[in-house]
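Okay, structure-v3.cif now, which holds mmCIF, C-alpha atoms:
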```
data_structure
loop_
_atom_site.group_PDB
_atom_site.id
_atom_site.type_symbol
_atom_site.label_atom_id
_atom_site.label_comp_id
_atom_site.auth_asym_id
_atom_site.auth_seq_id
_atom_site.Cartn_x
_atom_site.Cartn_y
_atom_site.Cartn_z
ATOM 1 C CA MET A 1 141.286 220.906 43.971
ATOM 2 C CA ARG A 2 141.005 219.850 40.370
ATOM 3 C CA ARG A 3 141.982 222.247 37.659
ATOM 4 C CA THR A 4 139.347 223.011 35.068
ATOM 5 C CA THR A 5 139.486 224.824 31.759
ATOM 6 C CA ALA A 6 137.116 227.217 30.086
ATOM 7 C CA VAL A 7 136.279 224.540 27.549
ATOM 8 C CA LEU A 8 133.444 222.060 28.115
ATOM 9 C CA THR A 9 135.668 219.050 27.527
ATOM 10 C CA GLY A 10 138.885 220.374 26.109
ATOM 11 C CA ALA A 11 141.217 222.954 24.675
ATOM 12 C CA ALA A 12 144.447 222.926 22.752
ATOM 13 C CA VAL A 13 147.655 224.468 21.408
ATOM 14 C CA ALA A 14 150.475 223.263 19.190
ATOM 15 C CA ALA A 15 153.992 223.279 17.756
ATOM 16 C CA LEU A 16 156.227 221.959 15.010
ATOM 17 C CA ALA A 17 159.391 222.228 12.905
ATOM 18 C CA ILE A 18 161.027 222.455 9.491
ATOM 19 C CA PRO A 19 163.871 221.667 7.101
ATOM 20 C CA LEU A 20 166.940 223.851 7.355
ATOM 21 C CA LEU A 21 167.027 226.647 4.792
ATOM 22 C CA VAL A 22 170.428 228.033 5.789
ATOM 23 C CA ALA A 23 173.600 226.197 4.887
ATOM 24 C CA ALA A 24 175.237 224.416 7.806
ATOM 25 C CA PRO A 25 178.570 222.647 8.238
ATOM 26 C CA ALA A 26 178.452 219.053 7.037
ATOM 27 C CA ASN A 27 178.970 217.661 10.534
ATOM 28 C CA ALA A 28 175.978 219.632 11.845
ATOM 29 C CA ARG A 29 173.470 218.981 9.077
ATOM 30 C CA SER A 30 172.287 215.562 10.198
ATOM 31 C CA THR A 31 171.151 216.916 13.570
ATOM 32 C CA ALA A 32 170.125 220.422 12.524
ATOM 33 C CA ALA A 33 168.014 219.147 9.608
ATOM 34 C CA ASP A 34 165.824 217.203 12.027
ATOM 35 C CA PRO A 35 163.892 219.438 14.464
ATOM 36 C CA VAL A 36 163.063 216.506 16.749
ATOM 37 C CA ALA A 37 166.753 215.551 17.050
ATOM 38 C CA ALA A 38 167.667 219.214 17.584
ATOM 39 C CA LEU A 39 165.122 219.442 20.396
ATOM 40 C CA LYS A 40 166.343 216.256 22.077
ATOM 41 C CA GLY A 41 169.867 217.634 21.891
ATOM 42 C CA GLN A 42 168.791 220.362 24.315
ATOM 43 C CA PHE A 43 167.633 217.878 26.961
ATOM 44 C CA ARG A 44 170.611 218.330 29.294
ATOM 45 C CA ALA A 45 170.374 218.529 33.071
ATOM 46 C CA GLY A 46 170.991 222.010 34.426
ATOM 47 C CA HIS A 47 170.030 223.759 31.176
ATOM 48 C CA GLY A 48 166.794 225.097 29.804
ATOM 49 C CA VAL A 49 164.986 227.724 27.747
ATOM 50 C CA LYS A 50 163.303 231.041 28.514
ATOM 51 C CA ILE A 51 159.676 231.545 27.526
ATOM 52 C CA THR A 52 157.291 234.454 27.115
ATOM 53 C CA GLU A 53 153.707 233.353 26.697
ATOM 54 C CA ARG A 54 150.772 235.584 25.770
ATOM 55 C CA ALA A 55 147.213 234.346 25.725
ATOM 56 C CA LYS A 56 143.832 235.751 24.847
ATOM 57 C CA LEU A 57 140.363 234.343 25.425
ATOM 58 C CA VAL A 58 137.593 236.097 23.486
ATOM 59 C CA GLY A 59 133.918 235.373 24.080
ATOM 60 C CA ASP A 60 131.583 236.177 21.217
ATOM 61 C CA GLY A 61 127.857 236.744 21.536
ATOM 62 C CA GLY A 62 125.569 239.215 23.260
ATOM 63 C CA ASN A 63 128.112 240.178 25.926
ATOM 64 C CA PRO A 64 131.593 239.723 24.415
ATOM 65 C CA ARG A 65 134.556 239.909 26.771
ATOM 66 C CA THR A 66 138.284 239.340 26.489
ATOM 67 C CA VAL A 67 140.692 238.002 29.108
ATOM 68 C CA TYR A 68 144.425 238.466 28.576
ATOM 69 C CA GLY A 69 147.192 236.460 30.214
ATOM 70 C CA ARG A 70 150.986 236.598 30.214
ATOM 71 C CA VAL A 71 153.515 234.074 31.499
ATOM 72 C CA ARG A 72 157.282 234.603 31.703
ATOM 73 C CA GLY A 73 160.013 232.400 33.075
ATOM 74 C CA VAL A 74 162.342 229.437 32.564
ATOM 75 C CA LEU A 75 161.762 225.794 31.731
ATOM 76 C CA GLU A 76 164.509 223.452 32.909
ATOM 77 C CA PHE A 77 165.381 220.246 31.057
ATOM 78 C CA GLY A 78 166.418 216.782 32.092
ATOM 79 C CA PRO A 79 167.392 213.827 29.887
ATOM 80 C CA SER A 80 163.821 213.319 28.599
ATOM 81 C CA GLY A 81 162.359 216.830 28.522
ATOM 82 C CA VAL A 82 161.116 219.541 30.876
ATOM 83 C CA VAL A 83 161.608 218.580 34.531
ATOM 84 C CA ALA A 84 161.162 221.918 36.335
ATOM 85 C CA SER A 85 159.863 225.428 35.749
ATOM 86 C CA ASP A 86 159.792 228.858 37.355
ATOM 87 C CA LEU A 87 156.954 230.928 35.860
ATOM 88 C CA THR A 88 155.330 234.249 36.725
ATOM 89 C CA SER A 89 151.758 234.832 35.530
ATOM 90 C CA SER A 90 149.701 237.990 35.228
ATOM 91 C CA PHE A 91 146.199 238.602 33.904
ATOM 92 C CA GLU A 92 144.000 241.422 32.705
ATOM 93 C CA LEU A 93 140.208 241.498 32.711
ATOM 94 C CA PRO A 94 137.931 243.892 30.813
ATOM 95 C CA ALA A 95 137.719 247.343 32.393
ATOM 96 C CA SER A 96 133.930 246.993 32.436
ATOM 97 C CA GLU A 97 133.954 244.114 34.927
ATOM 98 C CA GLY A 98 132.852 246.447 37.713
ATOM 99 C CA ARG A 99 134.870 244.916 40.563
ATOM 100 C CA ALA A 100 138.554 244.393 41.174
ATOM 101 C CA PRO A 101 139.812 241.139 39.607
ATOM 102 C CA GLU A 102 141.571 239.760 42.704
ATOM 103 C CA PRO A 103 141.443 236.126 41.493
ATOM 104 C CA PHE A 104 143.626 237.229 38.599
ATOM 105 C CA ALA A 105 146.339 238.787 40.781
ATOM 106 C CA PRO A 106 149.910 238.055 39.629
ATOM 107 C CA SER A 107 151.388 234.784 40.830
ATOM 108 C CA ARG A 108 154.637 232.868 40.649
ATOM 109 C CA THR A 109 154.693 229.090 40.380
ATOM 110 C CA VAL A 110 157.775 226.906 40.825
ATOM 111 C CA THR A 111 157.350 223.284 39.771
ATOM 112 C CA VAL A 112 159.917 220.640 40.756
ATOM 113 C CA LYS A 113 159.576 216.850 40.584
ATOM 114 C CA GLY A 114 155.862 216.990 39.795
ATOM 115 C CA THR A 115 155.009 219.297 42.702
ATOM 116 C CA SER A 116 154.083 222.947 42.247
ATOM 117 C CA TYR A 117 154.542 225.794 44.712
ATOM 118 C CA THR A 118 152.513 228.955 44.102
ATOM 119 C CA GLN A 119 153.095 232.390 45.572
ATOM 120 C CA GLY A 120 150.516 235.139 45.184
ATOM 121 C CA GLY A 121 147.350 234.737 43.160
ATOM 122 C CA VAL A 122 143.937 233.826 44.478
ATOM 123 C CA TYR A 123 145.086 232.010 47.652
ATOM 124 C CA ALA A 124 147.641 234.550 48.879
ATOM 125 C CA GLY A 125 145.313 235.997 51.538
ATOM 126 C CA ALA A 126 144.377 232.557 52.868
ATOM 127 C CA LEU A 127 147.867 231.311 53.740
ATOM 128 C CA PRO A 128 148.719 230.728 57.419
ATOM 129 C CA GLU A 129 150.957 233.270 59.109
ATOM 130 C CA GLY A 130 154.595 232.871 58.122
ATOM 131 C CA LYS A 131 153.831 230.842 54.985
ATOM 132 C CA LYS A 132 154.620 232.226 51.537
ATOM 133 C CA TRP A 133 153.928 229.312 49.179
ATOM 134 C CA LEU A 134 151.038 226.936 48.564
ATOM 135 C CA ARG A 135 151.942 223.375 47.589
ATOM 136 C CA GLY A 136 149.914 221.562 44.943
ATOM 137 C CA ARG A 137 150.261 218.504 42.743
ATOM 138 C CA ASP A 138 150.657 218.808 38.955
ATOM 139 C CA ASP A 139 150.145 222.559 39.112
ATOM 140 C CA ALA A 140 146.528 221.984 40.173
ATOM 141 C CA LEU A 141 146.382 224.970 42.534
ATOM 142 C CA ALA A 142 148.135 227.485 40.315
ATOM 143 C CA MET A 143 146.157 230.244 38.628
ATOM 144 C CA VAL A 144 146.296 229.030 35.065
ATOM 145 C CA ASN A 145 146.590 230.823 31.761
ATOM 146 C CA PRO A 146 143.162 231.524 30.221
ATOM 147 C CA ALA A 147 144.255 229.917 26.938
ATOM 148 C CA GLN A 148 146.779 227.286 27.889
ATOM 149 C CA LYS A 149 149.136 225.573 25.489
ATOM 150 C CA LEU A 150 147.692 222.242 24.531
ATOM 151 C CA PHE A 151 150.063 221.928 21.599
ATOM 152 C CA ASP A 152 153.524 221.796 23.117
ATOM 153 C CA PRO A 153 156.503 221.947 20.699
ATOM 154 C CA LEU A 154 158.882 220.841 23.464
ATOM 155 C CA GLU A 155 157.436 217.317 23.367
ATOM 156 C CA PRO A 156 159.234 215.197 20.747
ATOM 157 C CA ALA A 157 156.182 213.044 19.970
ATOM 158 C CA THR A 158 153.947 216.075 19.518
ATOM 159 C CA LEU A 159 156.534 217.838 17.385
ATOM 160 C CA ARG A 160 156.999 214.750 15.211
ATOM 161 C CA ALA A 161 153.241 214.329 14.668
ATOM 162 C CA ALA A 162 152.819 217.982 13.729
ATOM 163 C CA LEU A 163 155.744 217.941 11.294
ATOM 164 C CA ALA A 164 154.322 214.915 9.538
ATOM 165 C CA ARG A 165 151.424 216.998 8.196
ATOM 166 C CA ALA A 166 152.859 220.530 8.146
ATOM 167 C CA THR A 167 152.766 222.967 5.257
ATOM 168 C CA PRO A 168 156.010 223.674 3.379
ATOM 169 C CA ALA A 169 158.375 226.099 5.091
ATOM 170 C CA ARG A 170 158.276 229.794 4.269
ATOM 171 C CA PRO A 171 160.299 232.736 5.653
ATOM 172 C CA GLY A 172 159.249 233.642 9.190
ATOM 173 C CA GLY A 173 161.377 236.699 9.980
ATOM 174 C CA THR A 174 164.007 237.070 12.708
ATOM 175 C CA LEU A 175 163.321 235.910 16.268
ATOM 176 C CA ASP A 176 165.764 235.528 19.168
ATOM 177 C CA GLY A 177 168.536 236.747 16.882
ATOM 178 C CA THR A 178 168.071 234.038 14.268
ATOM 179 C CA ARG A 179 166.322 233.894 10.916
ATOM 180 C CA THR A 180 163.328 231.589 11.056
ATOM 181 C CA VAL A 181 161.061 229.617 8.799
ATOM 182 C CA VAL A 182 157.425 228.994 9.651
ATOM 183 C CA ARG A 183 155.223 225.972 9.080
ATOM 184 C CA SER A 184 151.592 225.528 9.971
ATOM 185 C CA GLY A 185 148.911 222.906 10.354
ATOM 186 C CA SER A 186 146.349 221.573 12.784
ATOM 187 C CA LEU A 187 145.696 218.615 15.055
ATOM 188 C CA THR A 188 142.433 217.537 16.615
ATOM 189 C CA LEU A 189 141.786 217.603 20.323
ATOM 190 C CA GLY A 190 141.542 213.800 20.272
ATOM 191 C CA GLU A 191 144.938 213.474 18.582
ATOM 192 C CA LEU A 192 146.551 215.838 21.054
ATOM 193 C CA TYR A 193 145.101 213.963 24.008
ATOM 194 C CA ARG A 194 146.526 210.721 22.645
ATOM 195 C CA ILE A 195 150.082 211.925 21.973
ATOM 196 C CA SER A 196 150.690 214.862 24.316
ATOM 197 C CA PRO A 197 151.264 214.649 28.104
ATOM 198 C CA THR A 198 150.688 218.411 28.271
ATOM 199 C CA ALA A 199 147.284 218.123 26.601
ATOM 200 C CA ARG A 200 146.261 215.261 28.892
ATOM 201 C CA ALA A 201 147.278 217.233 31.973
ATOM 202 C CA VAL A 202 145.392 220.356 30.889
ATOM 203 C CA LEU A 203 142.247 218.559 29.764
ATOM 204 C CA GLY A 204 142.092 216.295 32.784
ATOM 205 C CA SER A 205 139.978 213.670 31.022
ATOM 206 C CA LYS A 206 139.516 212.205 27.564
ATOM 207 C CA PRO A 207 137.581 214.499 25.191
ATOM 208 C CA SER A 208 134.030 213.424 24.426
ATOM 209 C CA ALA A 209 133.053 212.173 20.991
ATOM 210 C CA LYS A 210 131.642 215.629 20.312
ATOM 211 C CA SER A 211 134.782 217.522 21.369
ATOM 212 C CA ALA A 212 137.478 215.158 20.053
ATOM 213 C CA PRO A 213 137.236 216.415 16.407
ATOM 214 C CA LEU A 214 137.812 220.036 17.481
ATOM 215 C CA ARG A 215 140.778 221.286 15.454
ATOM 216 C CA VAL A 216 143.609 223.268 16.993
ATOM 217 C CA SER A 217 145.421 225.356 14.397
ATOM 218 C CA TRP A 218 149.072 226.265 14.889
ATOM 219 C CA ARG A 219 152.036 228.076 13.338
ATOM 220 C CA LEU A 220 155.560 227.092 14.332
ATOM 221 C CA TYR A 221 158.648 229.260 13.783
ATOM 222 C CA LEU A 222 161.986 227.423 13.706
ATOM 223 C CA GLY A 223 165.445 228.959 13.873
ATOM 224 C CA ALA A 224 168.416 228.036 11.702
ATOM 225 C CA ASP A 225 169.291 225.459 14.359
ATOM 226 C CA GLN A 226 165.780 223.954 13.952
ATOM 227 C CA LEU A 227 164.788 224.838 17.522
ATOM 228 C CA PRO A 228 161.363 226.420 18.145
ATOM 229 C CA ARG A 229 161.412 230.193 18.502
ATOM 230 C CA ARG A 230 157.667 230.835 18.483
ATOM 231 C CA VAL A 231 154.401 228.919 18.320
ATOM 232 C CA VAL A 232 150.971 230.473 17.809
ATOM 233 C CA SER A 233 147.905 228.304 18.261
ATOM 234 C CA SER A 234 144.173 228.850 18.358
ATOM 235 C CA TYR A 235 140.854 227.065 18.421
ATOM 236 C CA VAL A 236 137.179 227.971 18.677
ATOM 237 C CA GLN A 237 134.819 226.307 21.141
ATOM 238 C CA SER A 238 131.059 226.597 20.813
ATOM 239 C CA ILE A 239 129.384 226.632 24.209
ATOM 240 C CA ARG A 240 125.690 225.859 24.081
ATOM 241 C CA GLY A 241 123.613 226.433 27.193
ATOM 242 C CA LEU A 242 121.362 229.227 28.324
ATOM 243 C CA THR A 243 123.138 231.310 25.682
ATOM 244 C CA SER A 244 124.937 230.420 22.469
ATOM 245 C CA VAL A 245 128.553 231.580 22.578
ATOM 246 C CA ASP A 246 131.648 230.931 20.489
ATOM 247 C CA VAL A 247 134.849 231.284 22.509
ATOM 248 C CA THR A 248 138.176 231.765 20.727
ATOM 249 C CA TYR A 249 141.376 230.745 22.505
ATOM 250 C CA LEU A 250 144.675 232.178 21.250
ATOM 251 C CA ASN A 251 148.105 231.318 22.649
ATOM 252 C CA ASP A 252 151.382 232.891 21.444
ATOM 253 C CA THR A 253 154.598 231.598 23.029
ATOM 254 C CA GLU A 254 158.181 232.653 22.251
ATOM 255 C CA TYR A 255 161.282 230.641 23.182
ATOM 256 C CA GLY A 256 164.713 232.219 23.636
ATOM 257 C CA GLY A 257 168.041 231.699 25.334
ATOM 258 C CA TRP A 258 168.243 228.018 24.452
ATOM 259 C CA GLY A 259 170.782 226.274 26.680
ATOM 260 C CA VAL A 260 170.513 228.815 29.497
ATOM 261 C CA ARG A 261 171.834 227.434 32.786
ATOM 262 C CA SER A 262 169.120 226.653 35.311
ATOM 263 C CA ALA A 263 168.957 225.154 38.806
ATOM 264 C CA ILE A 264 165.338 225.464 39.939
ATOM 265 C CA LYS A 265 164.730 224.364 43.519
ATOM 266 C CA ALA A 266 161.659 224.015 45.715
ATOM 267 C CA PRO A 267 161.040 226.815 48.269
ATOM 268 C CA PRO A 268 162.205 226.299 51.882
ATOM 269 C CA ALA A 269 159.901 223.806 53.621
ATOM 270 C CA ALA A 270 159.249 226.253 56.482
ATOM 271 C CA GLU A 271 157.610 228.662 54.010
ATOM 272 C CA VAL A 272 155.278 226.112 52.400
ATOM 273 C CA ALA A 273 151.645 225.388 53.291
ATOM 274 C CA ASP A 274 149.335 222.657 52.031
ATOM 275 C CA PHE A 275 145.786 223.168 50.850
ATOM 276 C CA ASP A 276 144.221 221.819 54.057
ATOM 277 C CA GLU A 277 146.027 224.579 55.996
ATOM 278 C CA LEU A 278 144.339 227.393 54.085
ATOM 279 C CA LYS A 279 142.007 229.688 55.987
ATOM 280 C CA ILE A 280 139.118 228.998 53.616
ATOM 281 C CA GLY A 281 135.871 230.559 54.788
ATOM 282 C CA ASP A 282 137.490 233.678 56.194
ATOM 283 C CA THR A 283 135.474 236.696 55.179
ATOM 284 C CA ASP A 284 137.857 239.433 56.230
ATOM 285 C CA PRO A 285 138.768 242.084 53.637
ATOM 286 C CA GLY A 286 142.278 240.728 53.493
ATOM 287 C CA ASN A 287 141.115 237.744 51.447
ATOM 288 C CA PRO A 288 138.898 239.206 48.717
ATOM 289 C CA GLY A 289 140.163 236.961 45.945
ATOM 290 C CA LEU A 290 139.179 233.762 47.726
ATOM 291 C CA ASN A 291 135.815 235.215 48.688
ATOM 292 C CA LEU A 292 135.041 235.824 45.022
ATOM 293 C CA PHE A 293 135.576 232.145 44.274
ATOM 294 C CA LEU A 294 133.307 231.157 47.146
ATOM 295 C CA ASP A 295 130.425 233.460 46.152
#
```
Target format structure tokens, applied to this file:
Amino acid sequence: MRRTTAVLTGAAVAALAIPLLVAAPANARSTAADPVAALKGQFRAGHGVKITERAKLVGDGGNPRTVYGRVRGVLEFGPSGVVASDLTSSFELPASEGRAPEPFAPSRTVTVKGTSYTQGGVYAGALPEGKKWLRGRDDALAMVNPAQKLFDPLEPATLRAALARATPARPGGTLDGTRTVVRSGSLTLGELYRISPTARAVLGSKPSAKSAPLRVSWRLYLGADQLPRRVVSSYVQSIRGLTSVDVTYLNDTEYGGWGVRSAIKAPPAAEVADFDELKIGDTDPGNPGLNLFLD
């Protein structure tokens, strides 16, 4: 099953970094003054960072609606970046929807070596007896955030590109116990697709000539150690069809506990099912979420 986004041909989110405003020991300045080098210094096996991600999708027009999403968990690093994750997602639909939002039930997704394992969510009622996890490739079967990060500050190339055109640093307040500075800017959807593996994975295909110029605005908060503590990104997509709607996507992610120890493992094989084992087509009340997708 291929993952799709709420955008016609794309979406996005971003991150970035800044010069150190707080004095540091001479032997630490060369690394700390460079956010990209500081980030790469965290790429150690068995260590990671905690994240809290909040997202909002707002549809404008004759029937405006808002979908909220939240993701919490740990990203685990290897020598070149994120290699595993353990994330729990929850969602909230407008109270006026009129029927229970089963497809947006909470879910947990563990991703190891390019394979994701999802527990809960839309497919929970369709798993075979005795199975607790659904296996998918590249997170394709996970219930995704309604406004996913397309601008990922944990990618050195993306961070470097954003910093190259960022505004000057200004005070950003205290986050994760450290004083921060904030810088801002924007990148187009086409630029993100070219430089960011995260953007390519979320979009699925190259943005069209019409969508590629779409600008994703971002604000990046960096700690005294030049590591990201928060990134806020947003973009507006105009959807033209039977109705004319502008959809705003907002993603706000905080990073804390840099260097936390992590050893994420895949679930026991006996508890894992593949997509072709799902009881798709069942119409019993125990599987309402899946039935909604099949309506």
Pairwise distance for atom CA of Val36 of chain A and atom CA of Asp152 of chain A, rounded to one decimal in Å
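Result for atom CA of Val36 of chain A versus atom CA of Asp152 of chain A: 12.6 Å, one decimal.
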Would you pick out the contacts of Gly190 of chain A at 7 Å or less, using only C-alpha atoms, so that residues sharing its chain but fewer than 3 positions from it are not included, and give the list as a list in words?
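What passes the distance filter is Tyr193, Arg194, Pro207, Ala212 and Pro213 of chain A.
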What is the distance between atom CA of Lys131 of chain A and atom CA of Ile264 of chain A, in Å to one decimal?
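Separation of atom CA of Lys131 of chain A and atom CA of Ile264 of chain A: 19.7 Å.
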Calculated over all atoms listed in the file, which of the candidates A:Glu92, A:Gly41, A:Ile195, A:Ser211 has the smallest distance to Ala157 of chain A?
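Result for the nearest residue to Ala157 of chain A: A:Ile195.
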Within 6 Å of Arg135 of chain A using only C-alpha atoms, minus same-chain residues under 4 positions, as a PDB file with C-alpha atoms, in the coordinates of the input:
```
ATOM      1  CA  SER A 116     154.083 222.947  42.247  1.00  0.00           C
ATOM      2  CA  TYR A 117     154.542 225.794  44.712  1.00  0.00           C
ATOM      3  CA  ASP A 274     149.335 222.657  52.031  1.00  0.00           C
TER       4      ASP A 274
END
```
Option closest in space to Pro197 of chain A, from A:Ala105, A:Leu39, A:Leu154, A:Val231 [counting all atoms listed in the file]
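Closest candidate: A:Leu154.
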Could you work out how far atom CA of Arg54 of chain A lies from atom CA of Thr248 of chain A, giving the answer in Å with one decimal?
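Calculated distance between atom CA of Thr248 of chain A and atom CA of Arg54 of chain A is 14.1 Å.
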Result set of the PyMOL selection byres ((chain A and resi 49) around 9) on the coordinates above, as a PyMOL selection string:
chain A and resi 42+47-48+50-51+73-77+255-262
Using all atoms listed in the file, which of A:Gly46, A:Pro128, A:Gly120, A:Pro35 sits nearest Leu163 of chain A?
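For Leu163 of chain A, the nearest of the candidates is A:Pro35.
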Selected residue, from A:Arg230, A:Thr109, A:Val247, A:Thr180, that lies nearest to Lys132 of chain A when counting only C-alpha atoms:
A:Thr109
Counting all atoms listed in the file, find the residues whose atoms lie at most 10 Å from (156.0, 226.7, 45.3) (file coordinates) and write them out as a PyMOL selection string.
chain A and resi 86+108-112+115-119+132-136+139+142+265-269+271-273
